[in-house]
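Structure file protein31.pdb (PDB, C-alpha atoms) is printed below.
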MODEL        1
ATOM      1  CA  MET A   1     -33.097  43.447   4.803
ATOM      2  CA  CYS A   2     -30.642  43.762   6.295
ATOM      3  CA  TYR A   3     -28.701  41.330   4.202
ATOM      4  CA  SER A   4     -25.355  42.480   5.478
ATOM      5  CA  ALA A   5     -24.008  44.965   7.969
ATOM      6  CA  GLN A   6     -20.706  46.333   9.194
ATOM      7  CA  ILE A   7     -20.060  45.466  12.821
ATOM      8  CA  TRP A   8     -17.535  46.480  15.389
ATOM      9  CA  ALA A   9     -15.288  43.440  15.638
ATOM     10  CA  ASP A  10     -12.674  45.216  17.747
ATOM     11  CA  PHE A  11     -13.613  43.875  21.165
ATOM     12  CA  ARG A  12     -12.232  46.859  23.061
ATOM     13  CA  LYS A  13     -14.991  49.011  21.631
ATOM     14  CA  TYR A  14     -17.574  46.910  23.434
ATOM     15  CA  GLU A  15     -15.865  47.788  26.715
ATOM     16  CA  ARG A  16     -17.129  51.347  26.279
ATOM     17  CA  PHE A  17     -20.634  49.985  26.753
ATOM     18  CA  GLY A  18     -19.800  47.682  29.640
ATOM     19  CA  GLY A  19     -19.435  44.556  27.521
ATOM     20  CA  LYS A  20     -17.263  41.778  28.939
ATOM     21  CA  LEU A  21     -16.038  39.055  26.596
ATOM     22  CA  ASN A  22     -17.245  35.522  27.185
ATOM     23  CA  ILE A  23     -13.818  33.900  26.727
ATOM     24  CA  LYS A  24     -15.216  30.369  26.769
ATOM     25  CA  GLU A  25     -17.473  31.016  23.777
ATOM     26  CA  PHE A  26     -14.739  32.653  21.704
ATOM     27  CA  THR A  27     -12.360  29.767  22.412
ATOM     28  CA  LYS A  28     -15.097  27.321  21.451
ATOM     29  CA  LEU A  29     -15.750  29.191  18.196
ATOM     30  CA  ALA A  30     -12.072  29.082  17.208
ATOM     31  CA  GLY A  31     -11.806  25.369  17.931
ATOM     32  CA  TRP A  32     -15.067  24.474  16.238
ATOM     33  CA  THR A  33     -14.425  26.412  13.019
ATOM     34  CA  LYS A  34     -10.858  25.076  12.946
ATOM     35  CA  LYS A  35     -12.186  21.516  13.067
ATOM     36  CA  LYS A  36     -14.829  22.151  10.405
ATOM     37  CA  GLY A  37     -12.498  24.152   8.170
ATOM     38  CA  THR A  38     -14.813  27.188   8.268
ATOM     39  CA  TRP A  39     -12.624  29.633  10.235
ATOM     40  CA  VAL A  40     -12.173  31.947   7.246
ATOM     41  CA  LYS A  41     -15.631  31.285   5.808
ATOM     42  CA  VAL A  42     -17.768  32.305   8.795
ATOM     43  CA  VAL A  43     -15.551  34.504  10.996
ATOM     44  CA  PRO A  44     -15.001  38.066   9.647
ATOM     45  CA  LYS A  45     -11.371  39.124   9.224
ATOM     46  CA  ALA A  46     -11.400  41.883  11.833
ATOM     47  CA  MET A  47     -12.881  39.453  14.341
ATOM     48  CA  ARG A  48     -10.268  36.806  13.480
ATOM     49  CA  ARG A  49      -7.474  39.338  13.882
ATOM     50  CA  ALA A  50      -8.851  40.546  17.204
ATOM     51  CA  MET A  51      -8.870  36.937  18.451
ATOM     52  CA  ILE A  52      -5.284  36.360  17.278
ATOM     53  CA  ASP A  53      -3.854  39.593  18.712
ATOM     54  CA  ALA A  54      -1.976  38.749  21.911
ATOM     55  CA  THR A  55      -1.511  42.448  22.713
ATOM     56  CA  SER A  56      -5.243  43.104  23.078
ATOM     57  CA  GLY A  57      -5.247  41.930  26.683
ATOM     58  CA  LEU A  58      -8.840  40.787  26.251
ATOM     59  CA  LEU A  59      -8.470  37.099  25.430
ATOM     60  CA  ASP A  60      -6.605  34.401  27.288
ATOM     61  CA  VAL A  61      -3.626  32.468  25.937
ATOM     62  CA  GLY A  62      -5.737  29.418  25.144
ATOM     63  CA  THR A  63      -8.099  31.381  22.911
ATOM     64  CA  ILE A  64      -5.266  33.138  21.117
ATOM     65  CA  GLU A  65      -3.435  29.864  20.489
ATOM     66  CA  MET A  66      -6.599  28.190  19.204
ATOM     67  CA  ALA A  67      -7.321  31.120  16.899
ATOM     68  CA  ARG A  68      -3.771  31.066  15.557
ATOM     69  CA  GLU A  69      -4.008  27.329  14.953
ATOM     70  CA  ALA A  70      -7.269  27.852  13.079
ATOM     71  CA  ASP A  71      -5.629  30.557  10.960
ATOM     72  CA  ALA A  72      -2.577  28.398  10.177
ATOM     73  CA  GLU A  73      -4.734  25.407   9.279
ATOM     74  CA  ALA A  74      -6.902  27.509   6.986
ATOM     75  CA  ILE A  75      -3.793  28.745   5.173
ATOM     76  CA  ALA A  76      -2.522  25.171   4.830
ATOM     77  CA  LEU A  77      -5.851  23.976   3.403
ATOM     78  CA  ILE A  78      -5.926  26.756   0.832
ATOM     79  CA  ALA A  79      -2.305  26.117  -0.138
ATOM     80  CA  ALA A  80      -3.018  22.402  -0.498
ATOM     81  CA  GLU A  81      -5.971  23.090  -2.790
ATOM     82  CA  ILE A  82      -3.815  25.392  -4.910
ATOM     83  CA  GLY A  83      -1.288  22.543  -5.215
ATOM     84  CA  VAL A  84      -4.017  20.137  -6.367
ATOM     85  CA  GLN A  85      -5.242  22.598  -8.969
ATOM     86  CA  GLU A  86      -1.721  23.339 -10.204
ATOM     87  CA  ALA A  87      -1.211  19.613 -10.831
ATOM     88  CA  ARG A  88      -4.579  19.529 -12.610
ATOM     89  CA  LEU A  89      -3.506  22.472 -14.761
ATOM     90  CA  VAL A  90      -0.219  20.792 -15.740
ATOM     91  CA  GLU A  91      -2.083  17.646 -16.755
ATOM     92  CA  ALA A  92      -4.659  19.619 -18.736
ATOM     93  CA  ASN A  93      -1.989  21.626 -20.574
ATOM     94  CA  ALA A  94      -0.137  18.430 -21.451
ATOM     95  CA  LYS A  95      -3.330  16.924 -22.863
ATOM     96  CA  LEU A  96      -4.097  20.040 -24.864
ATOM     97  CA  ALA A  97      -0.568  20.013 -26.311
ATOM     98  CA  SER A  98      -0.944  16.407 -27.410
ATOM     99  CA  ALA A  99      -2.214  15.103 -30.713
ATOM    100  CA  LYS A 100      -5.671  14.511 -29.192
ATOM    101  CA  PRO A 101      -6.765  17.536 -27.133
ATOM    102  CA  THR A 102     -10.164  17.140 -25.470
ATOM    103  CA  LYS A 103     -12.974  19.377 -24.269
ATOM    104  CA  LYS A 104     -12.475  17.899 -20.812
ATOM    105  CA  ALA A 105      -8.881  19.145 -20.815
ATOM    106  CA  GLU A 106     -10.076  22.607 -21.870
ATOM    107  CA  ASN A 107     -12.591  22.627 -19.022
ATOM    108  CA  ASP A 108      -9.992  21.351 -16.545
ATOM    109  CA  ARG A 109      -7.593  24.130 -17.534
ATOM    110  CA  ARG A 110     -10.285  26.774 -17.124
ATOM    111  CA  VAL A 111     -11.492  25.468 -13.767
ATOM    112  CA  ALA A 112      -7.989  24.919 -12.410
ATOM    113  CA  THR A 113      -6.859  28.400 -13.462
ATOM    114  CA  ASN A 114      -9.885  29.998 -11.806
ATOM    115  CA  LYS A 115      -9.428  28.023  -8.592
ATOM    116  CA  ILE A 116      -5.711  28.816  -8.422
ATOM    117  CA  ASP A 117      -6.456  32.530  -8.832
ATOM    118  CA  ALA A 118      -9.218  32.366  -6.200
ATOM    119  CA  GLY A 119      -6.944  30.508  -3.760
ATOM    120  CA  LYS A 120      -4.151  33.036  -4.164
ATOM    121  CA  LYS A 121      -6.604  35.885  -3.578
ATOM    122  CA  LYS A 122      -7.740  34.189  -0.364
ATOM    123  CA  LEU A 123      -4.135  33.872   0.825
ATOM    124  CA  ASP A 124      -3.434  37.510  -0.047
ATOM    125  CA  ASP A 125      -6.572  38.568   1.828
ATOM    126  CA  MET A 126      -5.587  36.544   4.898
ATOM    127  CA  ALA A 127      -2.119  38.096   4.860
ATOM    128  CA  SER A 128      -3.423  41.658   4.535
ATOM    129  CA  PRO A 129      -4.250  43.574   7.719
ATOM    130  CA  ALA A 130      -7.779  43.883   9.028
ATOM    131  CA  PRO A 131      -9.494  47.297   8.870
ATOM    132  CA  ALA A 132      -7.642  49.680  11.172
ATOM    133  CA  ASP A 133     -10.868  50.790  12.850
ATOM    134  CA  GLY A 134     -11.868  47.225  13.723
ATOM    135  CA  ILE A 135     -14.976  47.408  11.555
ATOM    136  CA  ASP A 136     -15.819  44.473   9.354
ATOM    137  CA  ARG A 137     -18.685  43.220   7.254
ATOM    138  CA  ILE A 138     -20.938  40.301   8.151
ATOM    139  CA  TRP A 139     -23.294  38.292   5.993
ATOM    140  CA  PRO A 140     -26.015  35.819   6.973
ATOM    141  CA  GLY A 141     -24.256  32.755   8.351
ATOM    142  CA  TYR A 142     -21.240  34.730   9.660
ATOM    143  CA  PHE A 143     -20.435  35.055  13.330
ATOM    144  CA  ALA A 144     -20.420  38.453  14.999
ATOM    145  CA  PRO A 145     -20.017  39.775  18.554
ATOM    146  CA  VAL A 146     -23.389  40.418  20.187
ATOM    147  CA  MET A 147     -23.984  41.839  23.654
ATOM    148  CA  ILE A 148     -26.435  40.059  25.978
ATOM    149  CA  ARG A 149     -27.102  39.870  29.704
ATOM    150  CA  ASP A 150     -25.129  37.073  31.372
ATOM    151  CA  PRO A 151     -27.744  35.122  33.371
ATOM    152  CA  ASP A 152     -25.171  34.069  35.986
ATOM    153  CA  THR A 153     -23.295  37.300  36.645
ATOM    154  CA  GLY A 154     -25.839  39.893  35.500
ATOM    155  CA  GLU A 155     -23.085  41.611  33.500
ATOM    156  CA  ARG A 156     -23.257  42.743  29.916
ATOM    157  CA  SER A 157     -21.612  39.830  28.138
ATOM    158  CA  VAL A 158     -20.255  39.754  24.582
ATOM    159  CA  VAL A 159     -20.547  36.390  22.831
ATOM    160  CA  PRO A 160     -19.974  35.302  19.223
ATOM    161  CA  MET A 161     -23.286  34.575  17.496
ATOM    162  CA  ARG A 162     -24.175  33.325  14.069
ATOM    163  CA  TYR A 163     -26.123  35.867  12.037
ATOM    164  CA  ARG A 164     -29.080  33.613  11.277
ATOM    165  CA  CYS A 165     -31.339  32.610  14.107
ATOM    166  CA  ARG A 166     -32.442  29.026  14.678
ATOM    167  CA  LEU A 167     -35.900  29.340  16.174
ATOM    168  CA  PRO A 168     -36.870  27.243  19.220
ATOM    169  CA  GLY A 169     -37.797  23.710  18.195
ATOM    170  CA  TRP A 170     -36.142  24.024  14.802
ATOM    171  CA  THR A 171     -33.652  21.551  13.378
ATOM    172  CA  GLU A 172     -30.867  22.277  10.922
ATOM    173  CA  ALA A 173     -33.199  21.014   8.181
ATOM    174  CA  ASP A 174     -35.784  23.650   9.186
ATOM    175  CA  GLU A 175     -33.104  26.308   8.865
ATOM    176  CA  ILE A 176     -32.205  25.174   5.370
ATOM    177  CA  GLU A 177     -35.857  25.279   4.359
ATOM    178  CA  LYS A 178     -36.369  28.771   5.831
ATOM    179  CA  PRO A 179     -32.998  30.579   5.638
ATOM    180  CA  GLY A 180     -34.329  34.118   6.096
ATOM    181  CA  THR A 181     -34.269  34.222   9.890
ATOM    182  CA  TYR A 182     -31.303  36.597  10.055
ATOM    183  CA  ASN A 183     -33.898  39.358  10.342
ATOM    184  CA  ALA A 184     -36.924  39.539  12.623
ATOM    185  CA  ARG A 185     -39.689  41.748  11.272
ATOM    186  CA  ARG A 186     -41.257  43.956  13.921
ATOM    187  CA  ASP A 187     -44.743  43.044  12.714
ATOM    188  CA  LYS A 188     -43.947  39.343  13.244
ATOM    189  CA  LEU A 189     -42.556  39.580  16.778
ATOM    190  CA  SER A 190     -45.779  38.380  18.379
ATOM    191  CA  THR A 191     -46.188  35.474  15.947
ATOM    192  CA  VAL A 192     -43.090  34.010  14.285
ATOM    193  CA  TRP A 193     -40.787  35.302  17.029
ATOM    194  CA  ARG A 194     -43.113  34.934  20.043
ATOM    195  CA  LYS A 195     -40.893  32.322  21.741
ATOM    196  CA  VAL A 196     -37.860  34.624  21.573
ATOM    197  CA  PHE A 197     -39.244  38.172  21.759
ATOM    198  CA  GLY A 198     -39.585  39.091  25.421
ATOM    199  CA  HIS A 199     -37.199  36.328  26.414
ATOM    200  CA  GLN A 200     -33.751  36.573  24.809
ATOM    201  CA  HIS A 201     -32.598  39.978  23.624
ATOM    202  CA  GLY A 202     -29.241  41.257  22.436
ATOM    203  CA  ILE A 203     -27.513  44.277  20.923
ATOM    204  CA  MET A 204     -25.329  44.368  17.813
ATOM    205  CA  VAL A 205     -23.226  47.506  17.414
ATOM    206  CA  ILE A 206     -23.014  48.482  13.753
ATOM    207  CA  ASP A 207     -21.526  51.323  11.827
ATOM    208  CA  ARG A 208     -23.504  51.014   8.572
ATOM    209  CA  PHE A 209     -25.474  48.473   6.584
ATOM    210  CA  TYR A 210     -25.860  47.283   3.013
ATOM    211  CA  GLU A 211     -28.913  46.435   0.957
ATOM    212  CA  SER A 212     -29.610  45.036  -2.477
ATOM    213  CA  VAL A 213     -32.074  47.121  -4.491
ATOM    214  CA  TYR A 214     -33.162  47.288  -8.105
ATOM    215  CA  LEU A 215     -31.364  49.972 -10.095
ATOM    216  CA  HIS A 216     -34.581  51.408 -11.546
ATOM    217  CA  ASN A 217     -36.048  51.747  -8.035
ATOM    218  CA  LEU A 218     -32.910  53.540  -6.882
ATOM    219  CA  GLN A 219     -33.284  55.897  -9.833
ATOM    220  CA  GLY A 220     -36.986  56.391  -9.093
ATOM    221  CA  ARG A 221     -38.255  55.199 -12.472
ATOM    222  CA  GLN A 222     -40.081  52.364 -14.188
ATOM    223  CA  LEU A 223     -38.368  49.720 -16.303
ATOM    224  CA  VAL A 224     -38.216  50.726 -19.958
ATOM    225  CA  PRO A 225     -39.477  48.236 -22.552
ATOM    226  CA  GLY A 226     -36.980  45.419 -22.969
ATOM    227  CA  GLU A 227     -34.955  46.401 -19.883
ATOM    228  CA  ARG A 228     -34.144  43.665 -17.382
ATOM    229  CA  GLU A 229     -34.086  44.209 -13.637
ATOM    230  CA  GLN A 230     -30.569  44.841 -12.365
ATOM    231  CA  SER A 231     -29.619  44.567  -8.707
ATOM    232  CA  VAL A 232     -27.200  47.021  -7.173
ATOM    233  CA  GLU A 233     -25.738  47.184  -3.702
ATOM    234  CA  ILE A 234     -26.349  50.282  -1.609
ATOM    235  CA  LEU A 235     -24.397  51.336   1.472
ATOM    236  CA  PHE A 236     -26.450  53.186   4.089
ATOM    237  CA  THR A 237     -24.611  55.256   6.707
ATOM    238  CA  PRO A 238     -26.097  57.493   9.421
ATOM    239  CA  ALA A 239     -25.323  61.108   8.575
ATOM    240  CA  THR A 240     -24.214  61.664  12.169
ATOM    241  CA  ARG A 241     -21.710  58.769  11.865
ATOM    242  CA  GLU A 242     -23.010  57.559  15.220
ATOM    243  CA  ASN A 243     -22.819  53.986  16.464
ATOM    244  CA  LEU A 244     -26.104  52.143  16.081
ATOM    245  CA  PHE A 245     -27.255  49.769  18.830
ATOM    246  CA  VAL A 246     -29.376  47.400  16.775
ATOM    247  CA  ALA A 247     -32.021  45.455  18.688
ATOM    248  CA  CYS A 248     -31.580  41.701  18.239
ATOM    249  CA  LEU A 249     -33.151  38.414  19.294
ATOM    250  CA  TRP A 250     -31.062  35.314  20.017
ATOM    251  CA  THR A 251     -31.253  31.620  20.738
ATOM    252  CA  TYR A 252     -28.788  29.011  21.940
ATOM    253  CA  VAL A 253     -28.455  25.807  19.950
ATOM    254  CA  GLU A 254     -27.552  22.877  22.189
ATOM    255  CA  ALA A 255     -24.589  20.649  21.349
ATOM    256  CA  THR A 256     -25.254  17.701  19.058
ATOM    257  CA  GLY A 257     -22.784  15.024  17.981
ATOM    258  CA  ASP A 258     -19.428  16.620  17.212
ATOM    259  CA  ASP A 259     -20.834  20.149  17.161
ATOM    260  CA  PRO A 260     -20.693  22.226  20.361
ATOM    261  CA  GLY A 261     -23.535  24.468  21.406
ATOM    262  CA  PHE A 262     -23.564  27.903  19.791
ATOM    263  CA  TYR A 263     -25.519  31.155  19.761
ATOM    264  CA  THR A 264     -27.597  32.440  16.826
ATOM    265  CA  PHE A 265     -29.287  35.815  16.367
ATOM    266  CA  ALA A 266     -31.476  37.978  14.177
ATOM    267  CA  ALA A 267     -31.613  41.754  13.834
ATOM    268  CA  ILE A 268     -35.027  43.366  14.266
ATOM    269  CA  THR A 269     -36.187  45.323  11.226
ATOM    270  CA  ASP A 270     -39.109  47.629  10.521
ATOM    271  CA  ASP A 271     -40.517  49.982   7.901
ATOM    272  CA  PRO A 272     -37.750  52.324   6.772
ATOM    273  CA  PRO A 273     -37.531  56.115   6.852
ATOM    274  CA  LEU A 274     -38.315  58.046   3.684
ATOM    275  CA  GLU A 275     -34.703  58.361   2.513
ATOM    276  CA  VAL A 276     -34.292  54.566   2.547
ATOM    277  CA  VAL A 277     -37.594  54.119   0.696
ATOM    278  CA  GLU A 278     -36.466  56.620  -1.923
ATOM    279  CA  ALA A 279     -33.251  54.618  -2.367
ATOM    280  CA  GLY A 280     -35.386  51.621  -3.309
ATOM    281  CA  HIS A 281     -35.556  49.524  -0.151
ATOM    282  CA  ASP A 282     -38.442  48.566   2.128
ATOM    283  CA  ARG A 283     -36.803  47.538   5.435
ATOM    284  CA  CYS A 284     -34.407  49.036   7.971
ATOM    285  CA  PRO A 285     -32.717  47.831  11.175
ATOM    286  CA  VAL A 286     -34.075  49.180  14.451
ATOM    287  CA  PRO A 287     -31.381  50.973  16.494
ATOM    288  CA  ILE A 288     -32.385  51.742  20.072
ATOM    289  CA  HIS A 289     -31.155  54.469  22.400
ATOM    290  CA  GLU A 290     -28.134  53.700  24.541
ATOM    291  CA  ASP A 291     -30.198  54.546  27.628
ATOM    292  CA  ASP A 292     -32.586  51.712  26.713
ATOM    293  CA  ILE A 293     -29.933  48.990  26.433
ATOM    294  CA  ASP A 294     -30.375  47.648  29.976
ATOM    295  CA  ALA A 295     -34.159  47.498  29.668
ATOM    296  CA  TRP A 296     -33.807  45.745  26.325
ATOM    297  CA  LEU A 297     -31.309  43.195  27.652
ATOM    298  CA  ASP A 298     -33.608  42.412  30.610
ATOM    299  CA  PRO A 299     -36.905  41.720  28.839
ATOM    300  CA  ASN A 300     -40.074  40.903  30.721
ATOM    301  CA  PRO A 301     -42.360  38.612  28.686
ATOM    302  CA  ASN A 302     -45.273  39.883  30.766
ATOM    303  CA  ASP A 303     -44.617  43.485  29.764
ATOM    304  CA  LEU A 304     -44.359  43.415  25.979
ATOM    305  CA  PRO A 305     -45.811  46.948  25.592
ATOM    306  CA  ASN A 306     -42.688  48.365  27.240
ATOM    307  CA  LEU A 307     -40.484  46.423  24.799
ATOM    308  CA  TYR A 308     -42.487  47.671  21.836
ATOM    309  CA  ALA A 309     -42.142  51.193  23.246
ATOM    310  CA  ILE A 310     -38.347  50.846  23.226
ATOM    311  CA  LEU A 311     -38.496  49.895  19.546
ATOM    312  CA  ASP A 312     -40.913  52.715  18.762
ATOM    313  CA  ARG A 313     -38.758  55.433  20.341
ATOM    314  CA  ARG A 314     -35.741  54.183  18.426
ATOM    315  CA  VAL A 315     -32.873  56.331  17.226
ATOM    316  CA  ARG A 316     -33.863  57.789  13.863
ATOM    317  CA  PRO A 317     -30.765  59.082  12.070
ATOM    318  CA  PHE A 318     -30.884  60.327   8.513
ATOM    319  CA  TYR A 319     -29.312  57.605   6.362
ATOM    320  CA  GLU A 320     -27.034  58.760   3.593
ATOM    321  CA  HIS A 321     -26.557  56.243   0.818
ATOM    322  CA  GLN A 322     -24.141  55.504  -1.968
ATOM    323  CA  LEU A 323     -23.754  52.864  -4.631
ATOM    324  CA  ALA A 324     -21.452  50.160  -3.323
ATOM    325  CA  LYS A 325     -21.063  47.862  -6.332
ATOM    326  CA  LEU A 326     -23.003  46.164  -9.074
ATOM    327  CA  GLU A 327     -24.059  42.595  -8.310
ATOM    328  CA  THR A 328     -23.136  39.907 -10.804
TER     329      THR A 328
ENDMDL
END

Would you put the structure from the file into structure tokens?
Amino acid sequence: MCYSAQIWADFRKYERFGGKLNIKEFTKLAGWTKKKGTWVKVVPKAMRRAMIDATSGLLDVGTIEMAREADAEAIALIAAEIGVQEARLVEANAKLASAKPTKKAENDRRVATNKIDAGKKKLDDMASPAPADGIDRIWPGYFAPVMIRDPDTGERSVVPMRYRCRLPGWTEADEIEKPGTYNARRDKLSTVWRKVFGHQHGIMVIDRFYESVYLHNLQGRQLVPGEREQSVEILFTPATRENLFVACLWTYVEATGDDPGFYTFAAITDDPPLEVVEAGHDRCPVPIHEDDIDAWLDPNPNDLPNLYAILDRRVRPFYEHQLAKLET
């Protein structure tokens, strides 16, 4: 929990809560992911489109140009890979049509066909418009807009952060060994998260969230003899359709080598309400009241009880749920 969520990637919506975009960080993100070839892989579509849109009036020309370059380069890389696989497919078909077809040629044809189809789907997805409401889905490892307090200006600042927190003192190798730090359990804030809780707090605005549960738990029954566990994906949405201001913790990873510095974050989770338990899951994000945002963004490490109180008096909507899709 929460293994994915739907965020507001339309930057204008953060303006309603006093959020001002950190242009420098968004420009850096576009340039960095362009260089690494991860623009499409780690930046959600709605966020990419918001960064490309020159009519938004929220990003400067440099950021927009960098984002467009990243988009064009991603398209070129996908097209190039399709070309490589098409040549591989031609060669495999020729071998299979010869007097001595091989298993390798059969495998090459299968792999090439699958990769061509996948590449074309990626191009179609990139060409299709982002969600009209600016809402998009993030997974661990994706970047998302998160609101923090700018230490220089004191303003509410919106920066792109990776949804998996690198704890203080950790290396990339530590992250790989312990990849679950996209969520910060409330009962671990004073231990695992003690160097971040009370120091660096943020807010992620979400619309809904997804969880993976076992089908038999969702149906409130035991496994029948011979039945295997089957995971299903559940979409949880507040019945009020309100925006949820999810309490987060963040760190800043300093630049190393060719990689610039970047922000990482985790969403705080806690025991879920009954309706989430009955749907088969045991965690839930912690959305705080809008009136508590300033106090949350200005944490005092010497007054942790007040921070816990903010989490305890959280917003408690009733979460409706529906089956999203079967996992394969």

Exercise. Any idea what the distance is between atom CA of Lys100 of chain A and atom CA of Arg88 of chain A?
Worked result: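 We find that atom CA of Lys100 of chain A and atom CA of Arg88 of chain A lie 17.4 Å from each other.
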
Exercise. Could you list as a PyMOL selection string every residue that has an atom within 12 Å of (-40.8, 27.3, 12.6), using the file's coordinates and counting all atoms listed in the file?
Worked result: chain A and resi 165-181+191-196

For this session: List the residues selected by the PyMOL selection byres ((chain A and resi 68) around 12) in the file shown, writing them as JSON, numbers by chain.
Result: {"A": [27, 30, 31, 33, 34, 39, 40, 48, 49, 50, 51, 52, 53, 54, 61, 62, 63, 64, 65, 66, 67, 69, 70, 71, 72, 73, 74, 75]}

Give me the segment 211-279 of chain A side of the contact with segment 284-297 of chain A, cut-off 12 Å, one line per residue showing its nearest atom pair and distance in Å at one decimal, counting all atoms listed in the file, sorted by chain and residue number, as CSV.
residue,atom,partner,partner_atom,distance
A:Glu211,CA,A:Cys284,CA,9.3
A:Phe236,CA,A:Cys284,CA,9.8
A:Thr237,CA,A:Cys284,CA,11.7
A:Pro238,CA,A:Pro287,CA,11.0
A:Glu242,CA,A:Pro287,CA,10.7
A:Asn243,CA,A:Pro287,CA,9.1
A:Leu244,CA,A:Pro287,CA,5.4
A:Phe245,CA,A:Pro287,CA,4.9
A:Val246,CA,A:Pro287,CA,4.1
A:Ala247,CA,A:Pro287,CA,6.0
A:Cys248,CA,A:Val286,CA,8.7
A:Leu249,CA,A:Leu297,CA,9.8
A:Trp250,CA,A:Leu297,CA,11.0
A:Ala266,CA,A:Pro285,CA,10.4
A:Ala267,CA,A:Pro285,CA,6.7
A:Ile268,CA,A:Val286,CA,5.9
A:Thr269,CA,A:Pro285,CA,4.3
A:Asp270,CA,A:Cys284,CA,5.5
A:Asp271,CA,A:Cys284,CA,6.2
A:Pro272,CA,A:Cys284,CA,4.8
A:Pro273,CA,A:Cys284,CA,7.8
A:Leu274,CA,A:Cys284,CA,10.7
A:Glu275,CA,A:Cys284,CA,10.8
A:Val276,CA,A:Cys284,CA,7.7
A:Val277,CA,A:Cys284,CA,9.4
A:Ala279,CA,A:Cys284,CA,11.8

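Minimum atom-to-atom distances from A:Asp258, A:Glu278, A:Asp312, A:Asp298 to Lys36 of chain A were compared using all atoms listed in the file, and the lowest value belongs to A:Asp258.
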
For this session: Would you write out, as an MDAnalysis selection string, every residue that the PyMOL selection byres ((chain A and resi 109) around 10) captures in this file?
Result: chainID A and resid 85:86 88:93 95:96 103:108 110:115

For this session: List the neighbours of Arg149 of chain A out to 9 Å using only C-alpha atoms; skip same-chain residues closer than 6 positions along the sequence, and give me the result as a VMD selection string.
Result: chain A and resid 155 to 158 200 to 202 294 297 to 298
